[in-house]
Protein chains: 2
Amino acid sequence: MAFKGGIILSLNAMNRILEVDEPNLQVFCEPGVVHAQLNAALKPRGILFPPDPGSTKMATVGGMASTNAAGMRAVKYGPTGAWVLGLDVVLPDGSLIETGSAGSRAKQSSAGLELTKLFVGAEGTLGIITRLRLKLMPIPPARAIVTALFDDLESAGRAVQETFAAGVSPSAIEILDERCIRAINRYRPGMDLPPVEAMLLFEVDGNPPGVRWDAEKVAGVVRPLAHKVEWSDEPQRIAALWEARSLVGAAIGALRPGSNRAYCGEDICVPVSRIPETLREIQEIGKRYRIPIATYGHIAGGNLHPGHLIDASNPDEIRRVLQVADEIHALALRMNGTITGEHGVGAVRSPYMRHEHGLALEAMRQIKEALDPKGIMNPAKLFPN
Amino acid sequence: MAFKGGIILSLNAMNRILEVDEPNLQVFCEPGVVHAQLNAALKPRGILFPPDPGSTKMATVGGMASTNAAGMRAVKYGPTGAWVLGLDVVLPDGSLIETGSAGSRAKQSSAGLELTKLFVGAEGTLGIITRLRLKLMPIPPARAIVTALFDDLESAGRAVQETFAAGVSPSAIEILDERCIRAINRYRPGMDLPPVEAMLLFEVDGNPPGVRWDAEKVAGVVRPLAHKVEWSDEPQRIAALWEARSLVGAAIGALRPGSNRAYCGEDICVPVSRIPETLREIQEIGKRYRIPIATYGHIAGGNLHPGHLIDASNPDEIRRVLQVADEIHALALRMNGTITGEHGVGAVRSPYMRHEHGLALEAMRQIKEALDPKGIMNPAKLFPN
């Protein structure tokens, strides 16, 4: 983060876990702590910080708070903001405040304006987070995964809705589209996934008998809609499935050797009921601009990550992929969704903010101007010109 | 709510459920909808709005949002704010905004400042909520309750910590102190509860085998610490236990016939680890000022509701109970807690805001002044003079 005086302060260097308050299920840490490191440190104590970004090995808790990152398990546990109890923040005027009640270790409070939740997701535009107080929970003792393959996207969408209608609250539901399935097959020849339109991974967590009940329930509900369904509560099988899911990001590159993935229009979120048509339209957009797109995402929350594969040395492809991103953002809003489900606005998505928020954008701007009248905090981000 | 023009608008009259969007697990409703009515309307569809205030028959969803009410199940499901996706708000300048992205039905977004969470808990000081978009979830198919009686408060506190350490995430843990137990015995002679220092009710929810597993686990962990433990997953028994819990508010009046309950210093929240000493100090304060206090609360979240019984026609008792409240608020802050866990600040608790928040109060004030420069929204509330 750059200051006017020319000093560069890397907050990622502030990466200490300061205190684990086990009796109160809280941890105090600096913003540069990496998500995977935090949970590795908590694991021997049987506790965890539930938000779970795909980028666990790189994502810092400060970054997760600043974008209000959601991740795979937000459908059950909520986004990062639900687990942030307090923040130390340096304000633009140089003062240091502690949100969430100064010195507090309480789990909740209704004392005044919720500054914690305001700084969460503000992308550094209101102040600099220097310490976080995070809420923790016991590690669920068991997990199971139901994998299901679908001949068409509509059946996959229906399977998600019918799972909830059956009274199950999964901890995650992930979707891989046809291109992602092909990519995994090419990247890992042993996998031999059939060439269907969509694959879903449902994760349920809890205690051992509860997890088996939920997994059988999901499998039973999904079976009439699916090409093939299976479930497992064996830790090795679960780890292998999540590994397959995690290598999608790398695998889709194999669909077009030498290509780069363009991160633009890569994080929309739409109502769950509109996922099948959204996925079809994304494919149409890709065809129209001759850019291959492989889409995966956290379908239970409606959060989709289209991966556009381009030749980054070709200026025409760069021009076309920016048009793809523009159309995908417009599509998200037309579907009653949002331009960003968890990655944040930054500079690139700020032109869409007025369309997404209407008059509410002016209220955001008033708050920004009140706290940062000189506009020194992460300037030219989040707000459109 | 009063306007300058002299028109009185009762928002409680805005009490329609506007639309249940079942596929997307959302409901749109007006602020005057009563909590119990909302969940009664959702029940036939198998879905619910999880925040659960004790005052379910009177609490409106608008009021719950404006105080960020927590209730019994906040320990597992979070406070009201975790379930509010968007708000229509009339701002002080007369403009109508929609927070949480205009027209959105997405379950999450990282597009800009989290205005929804800022208006939640603002107690009407920033604008008037005219519509809410709430997130819903499937009704858990099963529940069980473990009841445990403890000879001393310290063992009850340890039982809460050891439940979490055993990997169980209960949906509620309620505490009743000795006076509450006596009050229930007097109010309902059949109950015959033994005269111990504390009674805990642990609720677990999920599917039938999962709930039995959790209930047995809790009972096993708590047994070595308790005077007596039992558990049940029979719906009638569960309903009877929650009824006993719900009548505490009325029953404590029976401890001192003709008394009134004074609602001041009635909603502190402290770290879970400090509950036993907080409960002992509350008793000391009561003795010092000769005011009987019966305390119950949502112990898993640290939220305690001391009930002070006074003769409201006696000015000296009113003077003394205000001193009791003052000492209890100071106690909460000394215990690294908060003056209000879920009821909000209003006018009565505003003098403690500076002590609780320090410099962060100035940031709250800057936001208030930016959005409501003339101070017309719920004036003289929340902020100290």
# chains A, B, ... in the order shown; residues from 1 in each chain; ligands from 1
>>> select_by_dssp(residues="stretch 137-364 of chain A", states="helix (DSSP H, G or I)", output="PyMOL selection string")
chain A and resi 153-165+178-187+189-191+208-225+235-246+248-255+272-288+299-301+315-334+350-357+360-364
>>> closest_residue(among="A:Pro170, A:Gly286, A:Pro235, A:Pro379", to="chain B", atoms="only C-alpha atoms")
A:Pro170
>>> select_by_dssp(residues="stretch 11-65 of chain B", states="strand (DSSP E or B)", output="PyMOL selection string")
chain B and resi 17-21+26-29+34+47-48+52+60
>>> residues_around(residues="stretch 260-265 of chain B", least_positions_apart="3", cutoff="9 Å", atoms="only C-alpha atoms", output="JSON list (two decimals) with C-alpha atoms, in the first residue's frame")
[["chain", "number", "residue", "atom", "x", "y", "z"],
["B", 249, "GLY", "CA", -39.65, -13.66, 32.14],
["B", 252, "ILE", "CA", -39.48, -14.08, 38.07],
["B", 253, "GLY", "CA", -42.16, -11.55, 38.97],
["B", 256, "ARG", "CA", -41.58, -10.64, 44.71],
["B", 257, "PRO", "CA", -45.34, -10.28, 44.45],
["B", 268, "ILE", "CA", -25.06, -7.32, 28.62],
["B", 305, "HIS", "CA", -30.45, -10.84, 30.79],
["B", 306, "PRO", "CA", -30.50, -9.83, 34.46],
["B", 307, "GLY", "CA", -34.07, -9.21, 35.63],
["B", 308, "HIS", "CA", -34.28, -6.60, 38.41],
["B", 309, "LEU", "CA", -37.47, -6.71, 40.47],
["B", 310, "ILE", "CA", -38.55, -3.37, 41.89],
["B", 311, "ASP", "CA", -41.50, -1.67, 43.43],
["B", 312, "ALA", "CA", -42.05, 0.93, 40.72],
["B", 318, "ILE", "CA", -36.01, 3.47, 41.10],
["B", 321, "VAL", "CA", -32.10, 0.19, 40.26],
["B", 322, "LEU", "CA", -30.57, 2.86, 38.02],
["B", 324, "VAL", "CA", -27.62, -1.24, 39.62],
["B", 325, "ALA", "CA", -27.87, -0.76, 35.84],
["B", 326, "ASP", "CA", -24.90, 1.61, 35.90],
["B", 327, "GLU", "CA", -22.78, -0.92, 37.80],
["B", 328, "ILE", "CA", -23.85, -3.76, 35.51],
["B", 329, "HIS", "CA", -22.85, -1.78, 32.40],
["B", 339, "ILE", "CA", -23.34, -2.97, 27.27],
["B", 340, "THR", "CA", -25.86, -4.51, 24.89],
["B", 348, "VAL", "CA", -30.67, 4.93, 27.96],
["B", 349, "ARG", "CA", -27.37, 3.31, 27.02]]
>>> closest_residue(among="A:Glu281, A:Asp214, A:Asp52, A:Asp233", to="chain B", atoms="only C-alpha atoms")
A:Asp214
>>> decode(residues="stretch 101-117 of chain B", atoms="all heavy atoms", output="PDB file, in the first residue's frame")
ATOM      1  N   SER B 101     -27.571  -4.432  -3.655  1.00  0.00           N
ATOM      2  CA  SER B 101     -27.675  -4.420  -5.114  1.00  0.00           C
ATOM      3  C   SER B 101     -29.146  -4.318  -5.553  1.00  0.00           C
ATOM      4  O   SER B 101     -29.951  -5.181  -5.214  1.00  0.00           O
ATOM      5  CB  SER B 101     -27.049  -5.664  -5.757  1.00  0.00           C
ATOM      6  OG  SER B 101     -25.716  -5.824  -5.308  1.00  0.00           O
ATOM      7  N   ALA B 102     -29.435  -3.248  -6.307  1.00  0.00           N
ATOM      8  CA  ALA B 102     -30.819  -2.968  -6.722  1.00  0.00           C
ATOM      9  C   ALA B 102     -31.360  -4.108  -7.572  1.00  0.00           C
ATOM     10  O   ALA B 102     -30.743  -4.506  -8.556  1.00  0.00           O
ATOM     11  CB  ALA B 102     -30.867  -1.644  -7.487  1.00  0.00           C
ATOM     12  N   GLY B 103     -32.507  -4.644  -7.170  1.00  0.00           N
ATOM     13  CA  GLY B 103     -33.155  -5.698  -7.955  1.00  0.00           C
ATOM     14  C   GLY B 103     -32.538  -7.069  -7.793  1.00  0.00           C
ATOM     15  O   GLY B 103     -32.964  -8.027  -8.442  1.00  0.00           O
ATOM     16  N   SER B 104     -31.565  -7.192  -6.910  1.00  0.00           N
ATOM     17  CA  SER B 104     -30.846  -8.463  -6.810  1.00  0.00           C
ATOM     18  C   SER B 104     -31.632  -9.519  -6.044  1.00  0.00           C
ATOM     19  O   SER B 104     -32.371  -9.214  -5.120  1.00  0.00           O
ATOM     20  CB  SER B 104     -29.506  -8.244  -6.113  1.00  0.00           C
ATOM     21  OG  SER B 104     -28.847  -9.474  -5.899  1.00  0.00           O
ATOM     22  N   ARG B 105     -31.440 -10.766  -6.456  1.00  0.00           N
ATOM     23  CA  ARG B 105     -31.887 -11.920  -5.674  1.00  0.00           C
ATOM     24  C   ARG B 105     -30.720 -12.878  -5.452  1.00  0.00           C
ATOM     25  O   ARG B 105     -30.919 -14.065  -5.187  1.00  0.00           O
ATOM     26  CB  ARG B 105     -33.022 -12.636  -6.396  1.00  0.00           C
ATOM     27  CG  ARG B 105     -34.215 -11.726  -6.535  1.00  0.00           C
ATOM     28  CD  ARG B 105     -35.464 -12.405  -6.982  1.00  0.00           C
ATOM     29  NE  ARG B 105     -36.535 -11.423  -6.893  1.00  0.00           N
ATOM     30  CZ  ARG B 105     -37.804 -11.716  -6.693  1.00  0.00           C
ATOM     31  NH1 ARG B 105     -38.183 -12.963  -6.573  1.00  0.00           N
ATOM     32  NH2 ARG B 105     -38.702 -10.762  -6.620  1.00  0.00           N
ATOM     33  N   ALA B 106     -29.515 -12.352  -5.590  1.00  0.00           N
ATOM     34  CA  ALA B 106     -28.331 -13.168  -5.333  1.00  0.00           C
ATOM     35  C   ALA B 106     -28.152 -13.324  -3.824  1.00  0.00           C
ATOM     36  O   ALA B 106     -28.598 -12.487  -3.045  1.00  0.00           O
ATOM     37  CB  ALA B 106     -27.101 -12.517  -5.949  1.00  0.00           C
ATOM     38  N   LYS B 107     -27.490 -14.402  -3.422  1.00  0.00           N
ATOM     39  CA  LYS B 107     -27.307 -14.668  -1.999  1.00  0.00           C
ATOM     40  C   LYS B 107     -26.093 -13.961  -1.427  1.00  0.00           C
ATOM     41  O   LYS B 107     -25.896 -13.943  -0.212  1.00  0.00           O
ATOM     42  CB  LYS B 107     -27.135 -16.178  -1.758  1.00  0.00           C
ATOM     43  CG  LYS B 107     -28.427 -16.961  -1.797  1.00  0.00           C
ATOM     44  CD  LYS B 107     -28.173 -18.393  -1.319  1.00  0.00           C
ATOM     45  CE  LYS B 107     -29.400 -19.257  -1.506  1.00  0.00           C
ATOM     46  NZ  LYS B 107     -29.088 -20.681  -1.284  1.00  0.00           N
ATOM     47  N   GLN B 108     -25.225 -13.450  -2.279  1.00  0.00           N
ATOM     48  CA  GLN B 108     -24.027 -12.784  -1.781  1.00  0.00           C
ATOM     49  C   GLN B 108     -23.535 -11.793  -2.823  1.00  0.00           C
ATOM     50  O   GLN B 108     -23.891 -11.885  -3.998  1.00  0.00           O
ATOM     51  CB  GLN B 108     -22.932 -13.811  -1.474  1.00  0.00           C
ATOM     52  CG  GLN B 108     -22.447 -14.557  -2.708  1.00  0.00           C
ATOM     53  CD  GLN B 108     -21.549 -15.737  -2.381  1.00  0.00           C
ATOM     54  OE1 GLN B 108     -21.929 -16.616  -1.621  1.00  0.00           O
ATOM     55  NE2 GLN B 108     -20.353 -15.757  -2.946  1.00  0.00           N
ATOM     56  N   SER B 109     -22.724 -10.836  -2.379  1.00  0.00           N
ATOM     57  CA  SER B 109     -22.114  -9.879  -3.293  1.00  0.00           C
ATOM     58  C   SER B 109     -20.919  -9.258  -2.599  1.00  0.00           C
ATOM     59  O   SER B 109     -20.910  -9.087  -1.382  1.00  0.00           O
ATOM     60  CB  SER B 109     -23.117  -8.786  -3.679  1.00  0.00           C
ATOM     61  OG  SER B 109     -22.460  -7.800  -4.461  1.00  0.00           O
ATOM     62  N   SER B 110     -19.887  -8.934  -3.388  1.00  0.00           N
ATOM     63  CA  SER B 110     -18.749  -8.179  -2.860  1.00  0.00           C
ATOM     64  C   SER B 110     -18.609  -6.860  -3.606  1.00  0.00           C
ATOM     65  O   SER B 110     -17.517  -6.336  -3.752  1.00  0.00           O
ATOM     66  CB  SER B 110     -17.451  -8.994  -2.983  1.00  0.00           C
ATOM     67  OG  SER B 110     -17.424 -10.028  -2.029  1.00  0.00           O
ATOM     68  N   ALA B 111     -19.753  -6.331  -4.087  1.00  0.00           N
ATOM     69  CA  ALA B 111     -19.715  -5.115  -4.901  1.00  0.00           C
ATOM     70  C   ALA B 111     -19.882  -3.868  -4.047  1.00  0.00           C
ATOM     71  O   ALA B 111     -20.973  -3.310  -3.923  1.00  0.00           O
ATOM     72  CB  ALA B 111     -20.787  -5.179  -5.984  1.00  0.00           C
ATOM     73  N   GLY B 112     -18.791  -3.442  -3.419  1.00  0.00           N
ATOM     74  CA  GLY B 112     -18.813  -2.152  -2.740  1.00  0.00           C
ATOM     75  C   GLY B 112     -19.141  -2.219  -1.264  1.00  0.00           C
ATOM     76  O   GLY B 112     -19.167  -3.294  -0.660  1.00  0.00           O
ATOM     77  N   LEU B 113     -19.366  -1.037  -0.667  1.00  0.00           N
ATOM     78  CA  LEU B 113     -19.571  -0.945   0.778  1.00  0.00           C
ATOM     79  C   LEU B 113     -20.857  -1.658   1.187  1.00  0.00           C
ATOM     80  O   LEU B 113     -21.889  -1.540   0.532  1.00  0.00           O
ATOM     81  CB  LEU B 113     -19.628   0.526   1.208  1.00  0.00           C
ATOM     82  CG  LEU B 113     -18.419   1.387   0.829  1.00  0.00           C
ATOM     83  CD1 LEU B 113     -18.579   2.795   1.411  1.00  0.00           C
ATOM     84  CD2 LEU B 113     -17.114   0.758   1.277  1.00  0.00           C
ATOM     85  N   GLU B 114     -20.795  -2.366   2.299  1.00  0.00           N
ATOM     86  CA  GLU B 114     -21.904  -3.186   2.783  1.00  0.00           C
ATOM     87  C   GLU B 114     -22.949  -2.315   3.492  1.00  0.00           C
ATOM     88  O   GLU B 114     -23.048  -2.313   4.719  1.00  0.00           O
ATOM     89  CB  GLU B 114     -21.366  -4.233   3.747  1.00  0.00           C
ATOM     90  CG  GLU B 114     -21.406  -5.643   3.220  1.00  0.00           C
ATOM     91  CD  GLU B 114     -22.821  -6.184   3.054  1.00  0.00           C
ATOM     92  OE1 GLU B 114     -23.786  -5.397   2.959  1.00  0.00           O
ATOM     93  OE2 GLU B 114     -22.951  -7.406   3.008  1.00  0.00           O
ATOM     94  N   LEU B 115     -23.728  -1.569   2.704  1.00  0.00           N
ATOM     95  CA  LEU B 115     -24.726  -0.690   3.311  1.00  0.00           C
ATOM     96  C   LEU B 115     -25.765  -1.472   4.112  1.00  0.00           C
ATOM     97  O   LEU B 115     -26.247  -1.003   5.143  1.00  0.00           O
ATOM     98  CB  LEU B 115     -25.437   0.118   2.235  1.00  0.00           C
ATOM     99  CG  LEU B 115     -24.585   1.142   1.484  1.00  0.00           C
ATOM    100  CD1 LEU B 115     -25.458   1.878   0.473  1.00  0.00           C
ATOM    101  CD2 LEU B 115     -23.940   2.130   2.446  1.00  0.00           C
ATOM    102  N   THR B 116     -26.120  -2.667   3.628  1.00  0.00           N
ATOM    103  CA  THR B 116     -27.140  -3.450   4.341  1.00  0.00           C
ATOM    104  C   THR B 116     -26.749  -3.615   5.797  1.00  0.00           C
ATOM    105  O   THR B 116     -27.538  -3.340   6.710  1.00  0.00           O
ATOM    106  CB  THR B 116     -27.295  -4.845   3.695  1.00  0.00           C
ATOM    107  OG1 THR B 116     -27.584  -4.662   2.312  1.00  0.00           O
ATOM    108  CG2 THR B 116     -28.413  -5.631   4.357  1.00  0.00           C
ATOM    109  N   LYS B 117     -25.509  -4.056   6.007  1.00  0.00           N
ATOM    110  CA  LYS B 117     -25.058  -4.332   7.373  1.00  0.00           C
ATOM    111  C   LYS B 117     -24.891  -3.046   8.186  1.00  0.00           C
ATOM    112  O   LYS B 117     -24.880  -3.093   9.415  1.00  0.00           O
ATOM    113  CB  LYS B 117     -23.727  -5.098   7.348  1.00  0.00           C
ATOM    114  CG  LYS B 117     -23.775  -6.437   6.619  1.00  0.00           C
ATOM    115  CD  LYS B 117     -24.554  -7.488   7.389  1.00  0.00           C
ATOM    116  CE  LYS B 117     -24.410  -8.875   6.778  1.00  0.00           C
ATOM    117  NZ  LYS B 117     -25.225  -9.054   5.551  1.00  0.00           N
TER     118      LYS B 117
END
